[in-house]
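Engineer: If you scroll down you'll find the structure; I have some questions about it.
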Amino acid sequence: MEYMSLNTIREKYLRFFEERGHLRLPSFSLVPKNDPSILLINAGMTPMKAYFTGKETPPSKRVTTCQKCIRTGDIDNVGYTDRHGTYFEMLGNFSFGDYFKEEMIPWIWEFCTQVLGMEEDRLYPSVYEGDDEAFNLWHEKIGLPQDRIYRFGKADNFWEHGTGPSGPCSEVYYDRGEQYGCGSPDCAPGCECDRFVEFWNSVFTQFDKQEDGTYLPLAQKNIDTGVGLERLATIVQDVGSIFEVDTVKSILDLVCKLAGVTYHEDAKQDISIRIITDHIRSTVMMIGDGITPSNNGRGYVLRRLMRRAIRHGQRLGIEGAFLKTLAEEVIRQNENVYPELIEHKDFIMNTIANEERTFARTLDQGNQLVAQYIDQAKADGARELSGEDVFRLHDTYGFPLDLTREIAEEHGLGVDEAGFNTLMEEQRARASENTSQNVKTAWGGMAFPEEVSHLEPTLFTGYETLEDKGQVLSLLAEREDKTSLETRESLGEGHAFILITDKTPFYGMGGGQEGDFGWAYQGEARVHILSTTKTPAGLYLHHAEVDQGIIECGKAIDLKVDKENRLATARNHTVTHLLHQALRDVLGKHVTQQGSEVNSHHLRFDFSHYQALTADELEEVSRLVNQAILADYPVITDIMPIDEAKAQGAMALFDEKYGDAVRVLSIGDYSKELCGGTHLKHTSQAGSFRITQESSIAAGVRRIEAVTGFEAIRYAKEDRLALANLGAMLKTSQEELSAKVRQVLEDNRQLKREVENLENAQARAKNADLTDRAKKVKDFNVLVTEVRVQDQNQMRELGDLLRDKLEPSILFLVRKSDSGLNFLAMASDEAVKAGIHCGNIVRECAKLAVGGGGGRPNMAQAGAKEVDKLDAVLAKASSLIEETL
């Protein structure tokens, strides 16, 4: 078998199946579409579930792909072995009701032996123990002896997931030789050692599993093949692991160069080298598909990978930011196969740089806190860090659980993961409750009747007209038990239902644009269309209510979109494109769309950027958008092939999948983007544009909210009214208003300073005798007492004064308030050298009164709820100080 590069193996596989009638598709985004069951694409067939289930029609009955995949289930093993990785590529060929085992098994053998040149005597296929058809094909058609074909049970060679499509599979093992084996005389395919490597798996989906556990034949039999590209390359290149495959090793070598180390010289260093090598590959691919670091969902997966890599870089002695350097190499190795990496290179680099800066600060804070928690746990004789401390590190300081665990393990401690998980679940429950939204239809995610799934996609005519005549294909209403939908022949006044027609001018919600509403008429019947959505299969769903009369299925119906709502929505959608271009002009080409929402009331645009926009930047963006509106640019839509659109410079969304033909929206020579929404004819129809808010929604993602048209006029009118009212209150003209406000604020600041000085003087007078209460303990003046002050700021000021007066000193001051107790502990440098730790003192005292807190050895604060424990707290503080001294 001759050496081949990983890129060569990939191309040979895809070309092999192209030559056999397969349509080559590019890799789908790592972000799943219409599949909430997973965070990230984790297998070659995952993006094609809808094709296998029949919900969507595939572009061809034969498809081949190389799919980017991320799996993080065993992330804790990555690096500690050379088998595990989070990122990999999955080669696949798929048949949707076309060819089956008779064709597939010979193709497997042909590709492995003739294209890759694998030695026939090293290949061992396996089949499901009950699949005689596959066994006989390997034996009779391929000519393998029966003892070379292994029969395995369901756990190894049968695919199923609950009820529904399922079937046996055939895998292929390659014998790498005795040097990779375990030495056992029983070593054979299926052994856990590295000798027999399973690299090919073709699933034969031929059964429909029933609720009672029985299997019925599927009318449409499918093929789903998965071949791990990196694993296959280890065989072809005859290397020890995926980390030594050519494209991966180039990254690993760069890690070693930056760290000044050599791979395979130190086992501990090798762990860090492998972790960084794997995680930077995942990082680049995830950001390239539009994922940004955050504290939840797939953004948290990305943040965890990046921060783990950064920390292991520090372990290797790499100084400063280094992930961008590695990312350049990842892009270089993959740019020809995944051109989106070049398109989004600025975004990838900026996202990485921002996260490295952020985590550098987090590490400084987090390491200090972890050290404190570890010291306290050891002092308490605990074997693990508490769930509360671990959660606080994660929630407040963004310190990942796995980093806390690793640091704790280095000091011989564990972490209370059960307690941490409980607090995380409580937080998720609160977040879910706070963010839950009511679905606009009463049916939520109810399944459609079987006959609806066979309807042809709806013809959308709303680009050309707001009124059209359609044919009613289906009326869907809720069953009496409210568990599902059923078709109705007719519906009377007051009924809520879903209307499906053969064609419609109503825009179905998508691309960030809200769906249309309006009216429908059938004879004397009148239907109120409340909203419009569409299914992945292209059916437009009019969520409606019968306003009067009776509507019947199978008859014609007049459909009329609300004109004012559509026009107002078009203003906001067209201006969203102007805003995108203006942001790129002002902030830079790294700005890309991360999400949007447009309706008749406002527009919301999410974009990649790493800091809040300044007032000058916001002003310039607003000026550019309004300038484009007043320029009266024509808004033109062209339909063209996707490659031609990109060649013309049209921008596309990160995670959007486009067909062969796309709609290209051109606004004069100012903006050109792919968009399927509804738009103005000229930019001047937008009237004007006004930004109402700019905010952060995630790390590296900003949000602008804005209005156009009549809403912008309304905002301007309210501004004028507010200014007039403010001028009247301050008895000044609008021209002098700014100067008057500055004068009032300065007068207020002066008065506030005078009040604070009086309050501080009063506090000092009230507590003038406190120095007399200090006790001499060893060589230190110790003051443990209640103080009478207005707030914690006054208590800190008083503490500074007393510490300096009593030096060398140790203070423990308690303030009583309506909400509980506040503690302040202070110690001079000499006291700290003598063993005093203020953070430990306030933490222990706070426990007595149901509270918490902490801090540094020389100063710490805490709070507690139970005021009646004041005397006990003071006694505890005195005891702790005296015991320490």
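Every chain in the structure tokens has a letter given in the order shown (A, B, ...), and although residue numbers restart at 1 in each chain, ligands are simply numbered from 1 in the order shown.
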Based on DSSP run over this structure's backbone, return all residues of region 406-583 of chain A in strand (DSSP E), as a ChimeraX atom specification.
Structural biologist: /A:414-415,459-460,467-478,485-487,490-491,496-501,503-504,518-522,525-534,540-548,551-552,556-561
Engineer: Taking only C-alpha atoms into account, produce a table as JSON lines in which each residue of region 162-253 of chain A with an atom at most 8 Å from an atom of region 329-344 of chain A appears once, together with its shortest atom pair and the distance in Å to one decimal, ordered by chain and rising number.
Structural biologist:
{"residue": "A:Thr247", "atom": "CA", "partner": "A:Gln333", "partner_atom": "CA", "distance": 6.2}
{"residue": "A:Ser250", "atom": "CA", "partner": "A:Glu329", "partner_atom": "CA", "distance": 7.7}
{"residue": "A:Ile251", "atom": "CA", "partner": "A:Glu329", "partner_atom": "CA", "distance": 6.4}
Engineer: I'd like the contact shell of Leu583 (chain A) - 12 Å cut-off, only C-alpha atoms, skipping same-chain residues fewer than 6 positions apart - returned as a compact mmCIF listing (two decimals) with N, CA, C and O atoms, in the first residue's frame.
Structural biologist:
# COMPACT_ATOMS: atom_id res chain seq x y z
N THR A 576 -31.82 46.76 7.03
CA THR A 576 -30.91 45.85 7.71
C THR A 576 -29.68 45.58 6.85
O THR A 576 -28.55 45.51 7.35
N HIS A 577 -29.87 45.45 5.55
CA HIS A 577 -28.74 45.24 4.64
C HIS A 577 -27.86 46.49 4.56
O HIS A 577 -26.63 46.38 4.50
N LYS A 589 -13.92 44.72 8.06
CA LYS A 589 -14.49 43.60 7.32
C LYS A 589 -14.70 42.36 8.19
O LYS A 589 -15.26 41.36 7.71
N HIS A 590 -14.25 42.39 9.45
CA HIS A 590 -14.51 41.26 10.33
C HIS A 590 -15.97 41.19 10.73
O HIS A 590 -16.45 40.17 11.25
N VAL A 591 -16.72 42.28 10.53
CA VAL A 591 -18.14 42.31 10.89
C VAL A 591 -18.91 41.39 9.96
O VAL A 591 -18.89 41.54 8.74
N THR A 592 -19.60 40.41 10.54
CA THR A 592 -20.47 39.52 9.78
C THR A 592 -21.76 39.30 10.56
O THR A 592 -21.78 39.38 11.79
N GLN A 593 -22.82 39.03 9.85
CA GLN A 593 -24.12 38.85 10.49
C GLN A 593 -24.13 37.58 11.33
O GLN A 593 -23.71 36.53 10.89
N PHE A 605 -30.29 43.54 14.65
CA PHE A 605 -29.19 42.98 13.87
C PHE A 605 -28.05 42.59 14.81
O PHE A 605 -27.53 43.44 15.54
N ASP A 606 -27.67 41.31 14.79
CA ASP A 606 -26.57 40.80 15.61
C ASP A 606 -25.35 40.62 14.71
O ASP A 606 -25.46 40.07 13.61
N PHE A 607 -24.18 41.05 15.19
CA PHE A 607 -22.99 41.02 14.34
C PHE A 607 -21.74 40.79 15.17
O PHE A 607 -21.72 41.02 16.39
N SER A 608 -20.71 40.31 14.51
CA SER A 608 -19.45 40.00 15.18
C SER A 608 -18.65 41.28 15.39
O SER A 608 -18.33 41.99 14.44
N HIS A 609 -18.34 41.58 16.64
CA HIS A 609 -17.47 42.70 17.01
C HIS A 609 -17.13 42.51 18.49
O HIS A 609 -17.88 41.89 19.23
N LEU A 613 -19.69 49.85 20.64
CA LEU A 613 -19.44 50.93 19.69
C LEU A 613 -19.39 52.26 20.44
O LEU A 613 -20.19 52.49 21.35
N GLU A 617 -18.77 56.16 16.58
CA GLU A 617 -19.00 55.06 15.65
C GLU A 617 -20.49 54.88 15.36
O GLU A 617 -20.90 54.69 14.21
N LEU A 618 -21.30 54.97 16.40
CA LEU A 618 -22.75 54.85 16.20
C LEU A 618 -23.27 55.99 15.33
O LEU A 618 -24.13 55.77 14.46
N GLU A 619 -22.75 57.17 15.56
CA GLU A 619 -23.18 58.33 14.77
C GLU A 619 -22.81 58.15 13.30
O GLU A 619 -23.60 58.45 12.40
N GLU A 620 -21.60 57.64 13.05
CA GLU A 620 -21.15 57.45 11.67
C GLU A 620 -21.95 56.34 10.98
O GLU A 620 -22.30 56.48 9.79
N VAL A 621 -22.23 55.27 11.68
CA VAL A 621 -23.06 54.20 11.11
C VAL A 621 -24.43 54.74 10.73
O VAL A 621 -24.94 54.50 9.63
N SER A 622 -25.03 55.50 11.65
CA SER A 622 -26.35 56.08 11.39
C SER A 622 -26.31 57.03 10.19
O SER A 622 -27.21 57.03 9.35
N ARG A 623 -25.24 57.81 10.10
CA ARG A 623 -25.11 58.76 8.99
C ARG A 623 -25.03 58.02 7.65
O ARG A 623 -25.69 58.41 6.66
N LEU A 624 -24.22 56.95 7.61
CA LEU A 624 -24.06 56.20 6.36
C LEU A 624 -25.37 55.54 5.92
O LEU A 624 -25.69 55.53 4.73
N VAL A 625 -26.12 54.99 6.87
CA VAL A 625 -27.39 54.35 6.51
C VAL A 625 -28.37 55.39 5.97
O VAL A 625 -29.02 55.18 4.93
N SER A 671 -24.54 47.65 -1.56
CA SER A 671 -24.67 46.38 -0.84
C SER A 671 -25.10 45.28 -1.78
O SER A 671 -25.91 45.50 -2.68
N ARG A 702 -22.28 41.67 19.09
CA ARG A 702 -23.01 42.87 19.48
C ARG A 702 -24.38 42.87 18.82
O ARG A 702 -24.62 42.15 17.85
N ARG A 703 -25.28 43.69 19.36
CA ARG A 703 -26.64 43.78 18.80
C ARG A 703 -27.01 45.25 18.66
O ARG A 703 -26.81 46.05 19.58
N ILE A 704 -27.54 45.59 17.48
CA ILE A 704 -28.13 46.91 17.27
C ILE A 704 -29.62 46.75 17.01
O ILE A 704 -30.03 45.89 16.22
Engineer: Would you please extract all alpha helix (DSSP H) residues from region 82-256 of chain A, as assigned by DSSP on the backbone, and give them as a PyMOL selection string?
Structural biologist: chain A and resi 101-110+132-136+154-157+229-237+246-256
Engineer: What is the distance between CA of Ile551 (chain A) and CA of Gly510 (chain A), in Å to one decimal?
Structural biologist: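 A separation of 27.4 Å between them.
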Engineer: At a cut-off of 10 Å, using only C-alpha atoms, what residues contact Asp76 (chain A)? Leave out same-chain residues fewer than 4 positions from it and give the result as a list in words.
Structural biologist: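 Answer for this query is Thr72, Tyr80, Thr81, His84, Gly85, Ile275 and Asp402 of chain A.
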Engineer: Applying 9 Å and only C-alpha atoms, which residues near Ile629 (chain A) remain after dropping the ones on its own chain fewer than 6 positions away? List them as a list in words.
Structural biologist: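 My reading of the contact set: Val575, Leu578, His682, Thr683, Ser684, Gln685, Ala686, Gly687, Ser688 and Phe689 of chain A.
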Engineer: Which residues, written as an MDAnalysis selection string, have at least one atom at most 12 Å from region 787-793 of chain A, with only C-alpha atoms counted and residues fewer than 5 positions away on the same chain left out?
Structural biologist: chainID A and resid 756 758:771 773 798:800 802 811:819 821:824 861:863 870 874
Engineer: Could you take the residues named above and write them with N, CA, C and O atoms, as a short mmCIF file (atom, residue, chain, number, x, y, z; two decimals), in the first residue's frame?
Structural biologist:
data_model
loop_
_atom_site.label_atom_id
_atom_site.label_comp_id
_atom_site.auth_asym_id
_atom_site.auth_seq_id
_atom_site.Cartn_x
_atom_site.Cartn_y
_atom_site.Cartn_z
N GLU A 756 -21.59 63.93 52.37
CA GLU A 756 -20.70 62.81 52.72
C GLU A 756 -19.70 63.23 53.79
O GLU A 756 -19.42 62.48 54.73
N LEU A 758 -20.07 65.55 56.05
CA LEU A 758 -20.78 65.67 57.33
C LEU A 758 -21.08 64.30 57.93
O LEU A 758 -20.93 64.09 59.14
N GLU A 759 -21.50 63.34 57.07
CA GLU A 759 -21.81 62.00 57.57
C GLU A 759 -20.57 61.30 58.09
O GLU A 759 -20.61 60.62 59.12
N ASN A 760 -19.43 61.46 57.38
CA ASN A 760 -18.20 60.83 57.84
C ASN A 760 -17.72 61.43 59.16
O ASN A 760 -17.25 60.72 60.05
N ALA A 761 -17.85 62.75 59.26
CA ALA A 761 -17.47 63.40 60.53
C ALA A 761 -18.35 62.92 61.67
O ALA A 761 -17.89 62.67 62.79
N GLN A 762 -19.64 62.76 61.35
CA GLN A 762 -20.59 62.28 62.37
C GLN A 762 -20.24 60.84 62.78
O GLN A 762 -20.29 60.49 63.97
N ALA A 763 -19.87 60.00 61.79
CA ALA A 763 -19.50 58.62 62.09
C ALA A 763 -18.26 58.57 62.96
O ALA A 763 -18.16 57.77 63.90
N ARG A 764 -17.25 59.41 62.63
CA ARG A 764 -16.04 59.42 63.44
C ARG A 764 -16.32 59.85 64.87
O ARG A 764 -15.76 59.31 65.83
N ALA A 765 -17.26 60.81 64.99
CA ALA A 765 -17.61 61.28 66.34
C ALA A 765 -18.30 60.18 67.14
O ALA A 765 -18.02 59.98 68.33
N LYS A 766 -19.20 59.45 66.46
CA LYS A 766 -19.93 58.37 67.15
C LYS A 766 -18.99 57.27 67.60
O LYS A 766 -19.23 56.59 68.60
N ASN A 767 -17.92 57.04 66.82
CA ASN A 767 -17.02 55.93 67.10
C ASN A 767 -15.66 56.39 67.65
O ASN A 767 -14.66 55.68 67.54
N ALA A 768 -15.66 57.61 68.23
CA ALA A 768 -14.38 58.19 68.69
C ALA A 768 -13.72 57.37 69.77
O ALA A 768 -12.50 57.36 69.91
N ASP A 769 -14.53 56.65 70.56
CA ASP A 769 -13.96 55.91 71.69
C ASP A 769 -13.55 54.48 71.31
O ASP A 769 -13.16 53.71 72.19
N LEU A 770 -13.63 54.14 70.04
CA LEU A 770 -13.37 52.75 69.65
C LEU A 770 -11.93 52.34 69.94
O LEU A 770 -11.66 51.19 70.29
N THR A 771 -10.98 53.26 69.78
CA THR A 771 -9.58 52.89 70.03
C THR A 771 -9.38 52.46 71.48
O THR A 771 -8.50 51.64 71.77
N ARG A 773 -11.32 50.60 73.09
CA ARG A 773 -11.83 49.24 73.29
C ARG A 773 -10.84 48.17 72.80
O ARG A 773 -11.08 46.98 72.98
N LEU A 798 -13.72 53.99 58.05
CA LEU A 798 -13.45 53.93 59.48
C LEU A 798 -12.39 52.87 59.78
O LEU A 798 -11.49 53.07 60.61
N GLY A 799 -12.47 51.74 59.07
CA GLY A 799 -11.50 50.68 59.28
C GLY A 799 -10.09 51.12 58.93
O GLY A 799 -9.13 50.83 59.66
N ASP A 800 -9.95 51.83 57.80
CA ASP A 800 -8.62 52.34 57.43
C ASP A 800 -8.06 53.25 58.52
O ASP A 800 -6.87 53.17 58.88
N LEU A 802 -8.86 53.34 61.82
CA LEU A 802 -8.55 52.61 63.04
C LEU A 802 -7.31 51.73 62.88
O LEU A 802 -6.49 51.62 63.79
N LEU A 811 -8.34 44.18 63.08
CA LEU A 811 -9.69 44.68 63.30
C LEU A 811 -10.72 43.68 62.80
O LEU A 811 -10.52 43.03 61.77
N PHE A 812 -11.82 43.58 63.55
CA PHE A 812 -12.99 42.85 63.06
C PHE A 812 -14.21 43.70 63.43
O PHE A 812 -14.60 43.78 64.59
N LEU A 813 -14.78 44.38 62.40
CA LEU A 813 -15.88 45.30 62.63
C LEU A 813 -17.17 44.72 62.05
O LEU A 813 -17.16 44.10 60.99
N VAL A 814 -18.26 44.96 62.80
CA VAL A 814 -19.56 44.46 62.35
C VAL A 814 -20.55 45.61 62.30
O VAL A 814 -20.65 46.41 63.25
N ARG A 815 -21.26 45.70 61.16
CA ARG A 815 -22.32 46.71 61.00
C ARG A 815 -23.66 46.00 60.90
O ARG A 815 -23.82 45.05 60.14
N LYS A 816 -24.61 46.48 61.69
CA LYS A 816 -25.96 45.91 61.68
C LYS A 816 -26.85 46.78 60.78
O LYS A 816 -26.83 48.00 60.86
N SER A 817 -27.61 46.11 59.89
CA SER A 817 -28.54 46.83 59.00
C SER A 817 -29.86 46.09 58.94
O SER A 817 -30.02 45.01 59.52
N ASP A 818 -30.83 46.66 58.22
CA ASP A 818 -32.15 46.03 58.11
C ASP A 818 -32.06 44.67 57.41
O ASP A 818 -32.86 43.77 57.67
N SER A 819 -31.08 44.52 56.51
CA SER A 819 -30.98 43.28 55.74
C SER A 819 -30.09 42.23 56.38
O SER A 819 -30.01 41.11 55.89
N LEU A 821 -26.16 41.46 58.63
CA LEU A 821 -24.89 41.89 59.19
C LEU A 821 -23.85 42.03 58.08
O LEU A 821 -23.84 41.25 57.14
N ASN A 822 -22.98 43.06 58.21
CA ASN A 822 -21.82 43.21 57.32
C ASN A 822 -20.56 43.13 58.17
O ASN A 822 -20.47 43.76 59.22
N PHE A 823 -19.58 42.32 57.69
CA PHE A 823 -18.32 42.14 58.41
C PHE A 823 -17.18 42.77 57.63
O PHE A 823 -17.15 42.71 56.40
N LEU A 824 -16.23 43.35 58.36
CA LEU A 824 -15.00 43.84 57.77
C LEU A 824 -13.84 43.45 58.66
O LEU A 824 -13.84 43.75 59.86
N GLN A 861 -14.19 40.97 53.45
CA GLN A 861 -15.55 41.38 53.81
C GLN A 861 -16.48 40.19 53.68
O GLN A 861 -16.21 39.24 52.94
N ALA A 862 -17.59 40.27 54.39
CA ALA A 862 -18.60 39.21 54.31
C ALA A 862 -19.94 39.78 54.72
O ALA A 862 -20.03 40.89 55.27
N GLY A 863 -20.98 39.02 54.46
CA GLY A 863 -22.33 39.40 54.87
C GLY A 863 -23.06 38.20 55.41
O GLY A 863 -22.70 37.05 55.11
N LEU A 870 -25.19 38.28 66.29
CA LEU A 870 -24.12 39.27 66.38
C LEU A 870 -23.11 38.95 67.48
O LEU A 870 -21.90 38.94 67.26
N LEU A 874 -19.04 38.02 67.11
CA LEU A 874 -17.95 38.77 67.73
C LEU A 874 -17.07 37.85 68.57
O LEU A 874 -15.84 37.95 68.56
#
Engineer: Nearest to Pro505 (chain A): which of A:Thr532, A:Glu524, A:Leu726, A:Val390 is it, counting only C-alpha atoms?
Structural biologist: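 Among the listed residues, A:Thr532 lies closest to Pro505 (chain A).
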Engineer: Can you tell me how far CA of Glu140 (chain A) sits from CA of Cys169 (chain A), in Å to one decimal?
Structural biologist: 18.1 Å
Engineer: Tell me, in Å to one decimal, how far CA of Lys469 (chain A) is from CA of Glu597 (chain A).
Structural biologist: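 Spanning CA of Lys469 (chain A) to CA of Glu597 (chain A) is a straight-line distance of 29.1 Å.
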Engineer: Tell me, as number ranges by chain, which residues lie within 12 Å of Val301 (chain A), counting only C-alpha atoms; anything in the same chain fewer than 4 positions away does not count.
Structural biologist: A: 39-40, 70-73, 75, 86, 279, 282-283, 286-287, 291-297, 305-308, 400-402
Engineer: Keeping only N, CA and C atoms, write the selected residues as a CSV table (one decimal), in the first residue's frame.
Structural biologist:
chain,number,residue,atom,x,y,z
A,39,LEU,N,-26.2,19.5,19.8
A,39,LEU,CA,-25.6,20.9,19.8
A,39,LEU,C,-24.8,21.0,18.5
A,40,LEU,N,-24.1,19.9,18.1
A,40,LEU,CA,-23.2,20.0,17.0
A,40,LEU,C,-23.3,18.8,16.1
A,70,ILE,N,-17.9,17.2,15.2
A,70,ILE,CA,-17.4,17.4,16.6
A,70,ILE,C,-18.0,16.5,17.6
A,71,ARG,N,-17.3,15.8,18.3
A,71,ARG,CA,-17.8,15.0,19.4
A,71,ARG,C,-17.0,15.3,20.7
A,72,THR,N,-17.8,15.7,21.8
A,72,THR,CA,-17.1,16.1,23.0
A,72,THR,C,-17.5,15.2,24.2
A,73,GLY,N,-18.2,14.0,23.9
A,73,GLY,CA,-18.6,13.2,25.0
A,73,GLY,C,-17.4,12.6,25.8
A,75,ILE,N,-14.3,14.2,26.0
A,75,ILE,CA,-13.3,15.3,26.0
A,75,ILE,C,-12.3,15.1,27.1
A,86,THR,N,-11.7,15.5,19.5
A,86,THR,CA,-13.0,16.1,19.4
A,86,THR,C,-13.4,16.4,18.0
A,279,HIS,N,-7.7,20.6,20.0
A,279,HIS,CA,-8.7,21.6,20.3
A,279,HIS,C,-8.6,22.8,19.4
A,282,SER,N,-10.7,21.9,16.4
A,282,SER,CA,-12.1,22.1,16.6
A,282,SER,C,-12.5,23.6,16.7
A,283,THR,N,-11.6,24.4,17.3
A,283,THR,CA,-11.8,25.8,17.5
A,283,THR,C,-12.0,26.5,16.2
A,286,MET,N,-15.2,25.4,14.3
A,286,MET,CA,-16.5,25.9,14.9
A,286,MET,C,-16.7,27.4,14.7
A,287,ILE,N,-15.6,28.1,14.8
A,287,ILE,CA,-15.7,29.6,14.6
A,287,ILE,C,-16.0,29.8,13.1
A,291,ILE,N,-19.9,29.9,15.1
A,291,ILE,CA,-20.0,29.7,16.6
A,291,ILE,C,-19.1,30.7,17.3
A,292,THR,N,-19.5,31.3,18.4
A,292,THR,CA,-18.7,32.2,19.2
A,292,THR,C,-18.7,31.7,20.6
A,293,PRO,N,-17.6,32.0,21.3
A,293,PRO,CA,-17.6,31.6,22.7
A,293,PRO,C,-18.6,32.2,23.6
A,294,SER,N,-19.3,31.4,24.5
A,294,SER,CA,-20.3,31.9,25.4
A,294,SER,C,-20.3,31.0,26.6
A,295,ASN,N,-21.3,31.2,27.5
A,295,ASN,CA,-21.4,30.4,28.7
A,295,ASN,C,-22.5,29.4,28.6
A,296,ASN,N,-23.1,29.1,27.4
A,296,ASN,CA,-24.1,28.1,27.2
A,296,ASN,C,-24.1,27.5,25.8
A,297,GLY,N,-24.7,26.3,25.7
A,297,GLY,CA,-24.8,25.7,24.4
A,297,GLY,C,-23.5,25.4,23.7
A,305,LEU,N,-13.1,24.3,25.0
A,305,LEU,CA,-12.0,23.8,24.2
A,305,LEU,C,-10.9,24.8,24.1
A,306,MET,N,-11.3,26.1,23.9
A,306,MET,CA,-10.2,27.1,23.7
A,306,MET,C,-9.5,27.3,25.0
A,307,ARG,N,-10.2,27.4,26.1
A,307,ARG,CA,-9.6,27.7,27.4
A,307,ARG,C,-8.7,26.5,27.9
A,308,ARG,N,-9.2,25.3,27.6
A,308,ARG,CA,-8.4,24.2,27.9
A,308,ARG,C,-7.0,24.2,27.2
A,400,PRO,N,-13.8,27.4,33.8
A,400,PRO,CA,-14.5,26.1,33.4
A,400,PRO,C,-14.3,25.0,34.5
A,401,LEU,N,-15.3,24.2,34.6
A,401,LEU,CA,-15.2,23.1,35.6
A,401,LEU,C,-14.0,22.2,35.4
A,402,ASP,N,-13.7,21.9,34.1
A,402,ASP,CA,-12.5,21.0,33.9
A,402,ASP,C,-11.2,21.6,34.3
